[in-house]
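Here is the structure we will look at, set down as structure tokens.
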Amino acid sequence: MKIIILTPMEIEREKVLNALDRISNLNHIYEVIVSGIGRESTAKAMMQMPPHDICVLMGFAAVVGKEAHLPDYLHLGKPIEITNASLYGYEGGLFENGKPIITEKPKLNLPCLSSLTSDKFVRTTDLAEKTVVNMEDYTFKYLKKPQDFIVRIISDFLPHETEIDFFEEVKGIDFLEGVMAVDGYLERR
């Protein structure tokens, strides 16, 4: 099978490639493509993808809550599957056309979370704990094929209590667990 892993940023692509290099018994052909950040970039990348059997959106995600108060499966670097995505507006409300898109059944044996896609970084504190915030999931879920899915790797926690250097924060995060979940799922299909 030909699998495309779509990443919003180059740093995520490097982490996926690093993980793939460390799995000695891959049974599928993987191609990792950088889409760029945001809804528009994601849509353009999806319209230009080469032929493939499955596409997985994989990248970092901020989760609402304090790491110390969240369960272990939502700590820094842990993979999750996004099964519900909504579109978040500039003024802090859902767009009229942003009704949630819900996956009928999760594909992976990972924790499943809801996601809000926004055109800008969300700074509000009134979002439900364990909500994932990003800029791509809604568009991907809207345009994807039924067999495609999303894996996010926890990179930071909202609201930030102090200003962070995102790229410093994510340097030590490894995508191996997320990539292995994808490869293991494909083997069971």
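Residue numbering restarts at 1 for every chain of the structure tokens, chains are lettered A, B, ... in their displayed order, and ligands are numbered from 1 as they appear.
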
Skip Ile33 in chain A itself and residues of its chain fewer than 3 positions away, then list as a PyMOL selection string all residues within 9 Å of it, counting only C-alpha atoms.
-> chain A and resi 4-8+10+13+45+49

Same residues, N, CA, C and O atoms, saved as a PDB file, in the first residue's frame:
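Written file, again.pdb:
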ATOM      1  N   ILE A   4       0.534   8.151   2.303  1.00  0.00           N
ATOM      2  CA  ILE A   4       1.064   9.505   2.387  1.00  0.00           C
ATOM      3  C   ILE A   4       0.853   9.998   3.806  1.00  0.00           C
ATOM      4  O   ILE A   4      -0.246   9.891   4.359  1.00  0.00           O
ATOM      5  N   ILE A   5       1.915  10.500   4.398  1.00  0.00           N
ATOM      6  CA  ILE A   5       1.806  11.184   5.682  1.00  0.00           C
ATOM      7  C   ILE A   5       2.005  12.660   5.391  1.00  0.00           C
ATOM      8  O   ILE A   5       3.052  13.074   4.905  1.00  0.00           O
ATOM      9  N   LEU A   6       0.962  13.430   5.652  1.00  0.00           N
ATOM     10  CA  LEU A   6       0.938  14.862   5.389  1.00  0.00           C
ATOM     11  C   LEU A   6       1.282  15.589   6.687  1.00  0.00           C
ATOM     12  O   LEU A   6       0.641  15.349   7.712  1.00  0.00           O
ATOM     13  N   THR A   7       2.304  16.439   6.662  1.00  0.00           N
ATOM     14  CA  THR A   7       2.680  17.193   7.861  1.00  0.00           C
ATOM     15  C   THR A   7       2.591  18.685   7.562  1.00  0.00           C
ATOM     16  O   THR A   7       2.993  19.130   6.487  1.00  0.00           O
ATOM     17  N   PRO A   8       2.084  19.472   8.506  1.00  0.00           N
ATOM     18  CA  PRO A   8       2.012  20.915   8.270  1.00  0.00           C
ATOM     19  C   PRO A   8       3.378  21.606   8.187  1.00  0.00           C
ATOM     20  O   PRO A   8       3.544  22.540   7.436  1.00  0.00           O
ATOM     21  N   GLU A  10       7.917  21.391   8.215  1.00  0.00           N
ATOM     22  CA  GLU A  10       9.112  20.615   7.888  1.00  0.00           C
ATOM     23  C   GLU A  10       9.640  19.866   9.112  1.00  0.00           C
ATOM     24  O   GLU A  10      10.083  18.721   8.994  1.00  0.00           O
ATOM     25  N   ARG A  13       7.844  16.718   9.411  1.00  0.00           N
ATOM     26  CA  ARG A  13       8.281  15.795   8.358  1.00  0.00           C
ATOM     27  C   ARG A  13       9.573  15.100   8.775  1.00  0.00           C
ATOM     28  O   ARG A  13       9.712  13.885   8.642  1.00  0.00           O
ATOM     29  N   ALA A  45      -2.579  21.332  -0.710  1.00  0.00           N
ATOM     30  CA  ALA A  45      -1.739  20.132  -0.706  1.00  0.00           C
ATOM     31  C   ALA A  45      -2.570  18.891  -1.022  1.00  0.00           C
ATOM     32  O   ALA A  45      -2.126  18.013  -1.768  1.00  0.00           O
ATOM     33  N   MET A  49      -1.964  15.950  -4.299  1.00  0.00           N
ATOM     34  CA  MET A  49      -1.258  14.757  -3.839  1.00  0.00           C
ATOM     35  C   MET A  49      -1.152  13.708  -4.942  1.00  0.00           C
ATOM     36  O   MET A  49      -2.075  13.540  -5.739  1.00  0.00           O
TER      37      MET A  49
END

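CA of Leu158 in chain A is positioned 9.4 Å from CA of Glu67 in chain A.
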
Mind listing the strand (DSSP E or B) residues of range 5-189 of chain A, per DSSP on the backbone, as a ChimeraX atom specification?
-> /A:5-7,29-34,54-64,79-88,94,101-102,112-118,132-134,149-158

Would you put the residues from that selection into a file with C-alpha atoms, as a short mmCIF file (atom, residue, chain, number, x, y, z; two decimals), in the first residue's frame?
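The file below, out14.cif, is the result:
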data_model
loop_
_atom_site.label_atom_id
_atom_site.label_comp_id
_atom_site.auth_asym_id
_atom_site.auth_seq_id
_atom_site.Cartn_x
_atom_site.Cartn_y
_atom_site.Cartn_z
CA ILE A 5 1.81 11.18 5.68
CA LEU A 6 0.94 14.86 5.39
CA THR A 7 2.68 17.19 7.86
CA ILE A 29 5.54 2.49 0.96
CA TYR A 30 5.48 5.82 2.78
CA GLU A 31 5.80 9.28 1.33
CA VAL A 32 5.97 12.27 3.65
CA ILE A 33 4.70 15.58 2.24
CA VAL A 34 4.74 19.01 3.91
CA ILE A 54 -4.33 6.16 2.57
CA CYS A 55 -3.42 9.66 3.73
CA VAL A 56 -2.62 10.42 7.36
CA LEU A 57 -2.39 13.98 8.63
CA MET A 58 0.29 13.89 11.34
CA GLY A 59 1.63 16.82 13.27
CA PHE A 60 1.97 18.64 16.54
CA ALA A 61 -1.06 19.79 18.51
CA ALA A 62 -1.69 21.95 21.52
CA VAL A 63 -4.14 20.56 24.05
CA VAL A 64 -6.18 22.62 26.49
CA PRO A 79 0.00 10.51 20.05
CA ILE A 80 -3.77 10.88 19.80
CA GLU A 81 -6.33 10.34 17.04
CA ILE A 82 -8.64 13.19 16.10
CA THR A 83 -12.19 11.90 15.67
CA ASN A 84 -14.17 15.16 15.86
CA ALA A 85 -13.21 18.48 14.28
CA SER A 86 -14.87 21.90 14.32
CA LEU A 87 -13.96 25.25 12.79
CA TYR A 88 -13.19 28.05 15.23
CA LEU A 94 -17.85 28.47 15.78
CA ILE A 101 -17.32 16.59 11.52
CA ILE A 102 -17.31 13.34 13.45
CA CYS A 112 -9.44 10.06 20.71
CA LEU A 113 -9.93 13.81 21.13
CA SER A 114 -11.97 16.63 19.61
CA SER A 115 -10.20 19.29 17.63
CA LEU A 116 -10.79 22.96 16.89
CA THR A 117 -9.29 24.42 13.73
CA SER A 118 -8.63 28.14 13.82
CA VAL A 132 -6.92 19.96 20.69
CA VAL A 133 -6.27 23.30 18.95
CA ASN A 134 -4.61 23.53 15.52
CA PHE A 149 -7.32 9.77 9.40
CA ILE A 150 -5.49 12.21 11.70
CA VAL A 151 -2.79 11.55 14.28
CA ARG A 152 -1.61 14.44 16.44
CA ILE A 153 1.37 14.51 18.78
CA ILE A 154 0.95 16.62 21.94
CA SER A 155 3.39 19.54 21.74
CA ASP A 156 2.17 22.11 24.26
CA PHE A 157 -0.63 23.02 26.62
CA LEU A 158 -3.09 25.92 26.46
#

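As for CA of Asp148 in chain A and CA of Ser35 in chain A, they are spaced 15.5 Å apart.
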
Which is closest to Glu12 in chain A among A:Met180, A:Leu127, A:Ile173, A:Met46, if we use only C-alpha atoms?
->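 With only C-alpha atoms as the atom set, the closest residue is A:Ile173.
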
When DSSP works through the backbone of this structure, what residues of range 12-140 of chain A end up as alpha helix (DSSP H), shown as a list in words?
-> Glu12, Arg13, Glu14, Lys15, Val16, Leu17, Asn18, Ala19, Leu20, Asp21, Arg39, Glu40, Ser41, Thr42, Ala43, Lys44, Ala45, Met46, Met47, Asp137, Tyr138, Thr139 and Phe140 of chain A

Resulting file, chosen residues, N, CA and C atoms, as a PDB file, in the first residue's frame:
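Result file is result_28.pdb:
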ATOM      1  N   GLU A  12       8.025  18.533  11.491  1.00  0.00           N
ATOM      2  CA  GLU A  12       7.204  17.336  11.667  1.00  0.00           C
ATOM      3  C   GLU A  12       7.589  16.281  10.632  1.00  0.00           C
ATOM      4  N   ARG A  13       7.844  16.718   9.411  1.00  0.00           N
ATOM      5  CA  ARG A  13       8.281  15.795   8.358  1.00  0.00           C
ATOM      6  C   ARG A  13       9.573  15.100   8.775  1.00  0.00           C
ATOM      7  N   GLU A  14      10.522  15.865   9.302  1.00  0.00           N
ATOM      8  CA  GLU A  14      11.792  15.291   9.747  1.00  0.00           C
ATOM      9  C   GLU A  14      11.573  14.260  10.852  1.00  0.00           C
ATOM     10  N   LYS A  15      10.659  14.537  11.761  1.00  0.00           N
ATOM     11  CA  LYS A  15      10.384  13.607  12.865  1.00  0.00           C
ATOM     12  C   LYS A  15       9.697  12.335  12.360  1.00  0.00           C
ATOM     13  N   VAL A  16       8.810  12.457  11.372  1.00  0.00           N
ATOM     14  CA  VAL A  16       8.181  11.273  10.780  1.00  0.00           C
ATOM     15  C   VAL A  16       9.229  10.431  10.055  1.00  0.00           C
ATOM     16  N   LEU A  17      10.080  11.084   9.254  1.00  0.00           N
ATOM     17  CA  LEU A  17      11.119  10.348   8.526  1.00  0.00           C
ATOM     18  C   LEU A  17      12.075   9.650   9.490  1.00  0.00           C
ATOM     19  N   ASN A  18      12.431  10.324  10.582  1.00  0.00           N
ATOM     20  CA  ASN A  18      13.304   9.732  11.594  1.00  0.00           C
ATOM     21  C   ASN A  18      12.656   8.483  12.189  1.00  0.00           C
ATOM     22  N   ALA A  19      11.362   8.565  12.478  1.00  0.00           N
ATOM     23  CA  ALA A  19      10.643   7.412  13.037  1.00  0.00           C
ATOM     24  C   ALA A  19      10.579   6.273  12.014  1.00  0.00           C
ATOM     25  N   LEU A  20      10.258   6.583  10.773  1.00  0.00           N
ATOM     26  CA  LEU A  20      10.189   5.554   9.733  1.00  0.00           C
ATOM     27  C   LEU A  20      11.531   4.848   9.566  1.00  0.00           C
ATOM     28  N   ASP A  21      12.624   5.606   9.658  1.00  0.00           N
ATOM     29  CA  ASP A  21      13.966   5.025   9.523  1.00  0.00           C
ATOM     30  C   ASP A  21      14.274   4.020  10.626  1.00  0.00           C
ATOM     31  N   ARG A  39      -5.486  26.190   6.967  1.00  0.00           N
ATOM     32  CA  ARG A  39      -6.556  25.529   6.217  1.00  0.00           C
ATOM     33  C   ARG A  39      -6.322  25.593   4.713  1.00  0.00           C
ATOM     34  N   GLU A  40      -5.924  26.761   4.219  1.00  0.00           N
ATOM     35  CA  GLU A  40      -5.737  26.925   2.781  1.00  0.00           C
ATOM     36  C   GLU A  40      -4.584  26.064   2.270  1.00  0.00           C
ATOM     37  N   SER A  41      -3.482  26.046   2.992  1.00  0.00           N
ATOM     38  CA  SER A  41      -2.333  25.224   2.599  1.00  0.00           C
ATOM     39  C   SER A  41      -2.687  23.745   2.599  1.00  0.00           C
ATOM     40  N   THR A  42      -3.443  23.322   3.594  1.00  0.00           N
ATOM     41  CA  THR A  42      -3.860  21.924   3.676  1.00  0.00           C
ATOM     42  C   THR A  42      -4.720  21.553   2.470  1.00  0.00           C
ATOM     43  N   ALA A  43      -5.674  22.410   2.138  1.00  0.00           N
ATOM     44  CA  ALA A  43      -6.555  22.144   0.994  1.00  0.00           C
ATOM     45  C   ALA A  43      -5.759  22.061  -0.305  1.00  0.00           C
ATOM     46  N   LYS A  44      -4.841  22.999  -0.516  1.00  0.00           N
ATOM     47  CA  LYS A  44      -4.028  22.982  -1.746  1.00  0.00           C
ATOM     48  C   LYS A  44      -3.184  21.719  -1.824  1.00  0.00           C
ATOM     49  N   ALA A  45      -2.579  21.332  -0.710  1.00  0.00           N
ATOM     50  CA  ALA A  45      -1.739  20.132  -0.706  1.00  0.00           C
ATOM     51  C   ALA A  45      -2.570  18.891  -1.022  1.00  0.00           C
ATOM     52  N   MET A  46      -3.771  18.810  -0.474  1.00  0.00           N
ATOM     53  CA  MET A  46      -4.608  17.636  -0.704  1.00  0.00           C
ATOM     54  C   MET A  46      -5.073  17.539  -2.157  1.00  0.00           C
ATOM     55  N   MET A  47      -5.232  18.668  -2.806  1.00  0.00           N
ATOM     56  CA  MET A  47      -5.662  18.655  -4.211  1.00  0.00           C
ATOM     57  C   MET A  47      -4.516  18.277  -5.148  1.00  0.00           C
ATOM     58  N   ASP A 137      -7.023  20.476  11.023  1.00  0.00           N
ATOM     59  CA  ASP A 137      -7.823  19.252  11.105  1.00  0.00           C
ATOM     60  C   ASP A 137      -9.184  19.347  10.427  1.00  0.00           C
ATOM     61  N   TYR A 138      -9.883  20.451  10.573  1.00  0.00           N
ATOM     62  CA  TYR A 138     -11.222  20.566   9.999  1.00  0.00           C
ATOM     63  C   TYR A 138     -11.168  20.437   8.476  1.00  0.00           C
ATOM     64  N   THR A 139     -10.232  21.137   7.868  1.00  0.00           N
ATOM     65  CA  THR A 139     -10.102  21.087   6.407  1.00  0.00           C
ATOM     66  C   THR A 139      -9.767  19.676   5.951  1.00  0.00           C
ATOM     67  N   PHE A 140      -8.833  19.033   6.644  1.00  0.00           N
ATOM     68  CA  PHE A 140      -8.458  17.677   6.281  1.00  0.00           C
ATOM     69  C   PHE A 140      -9.658  16.741   6.395  1.00  0.00           C
TER      70      PHE A 140
END
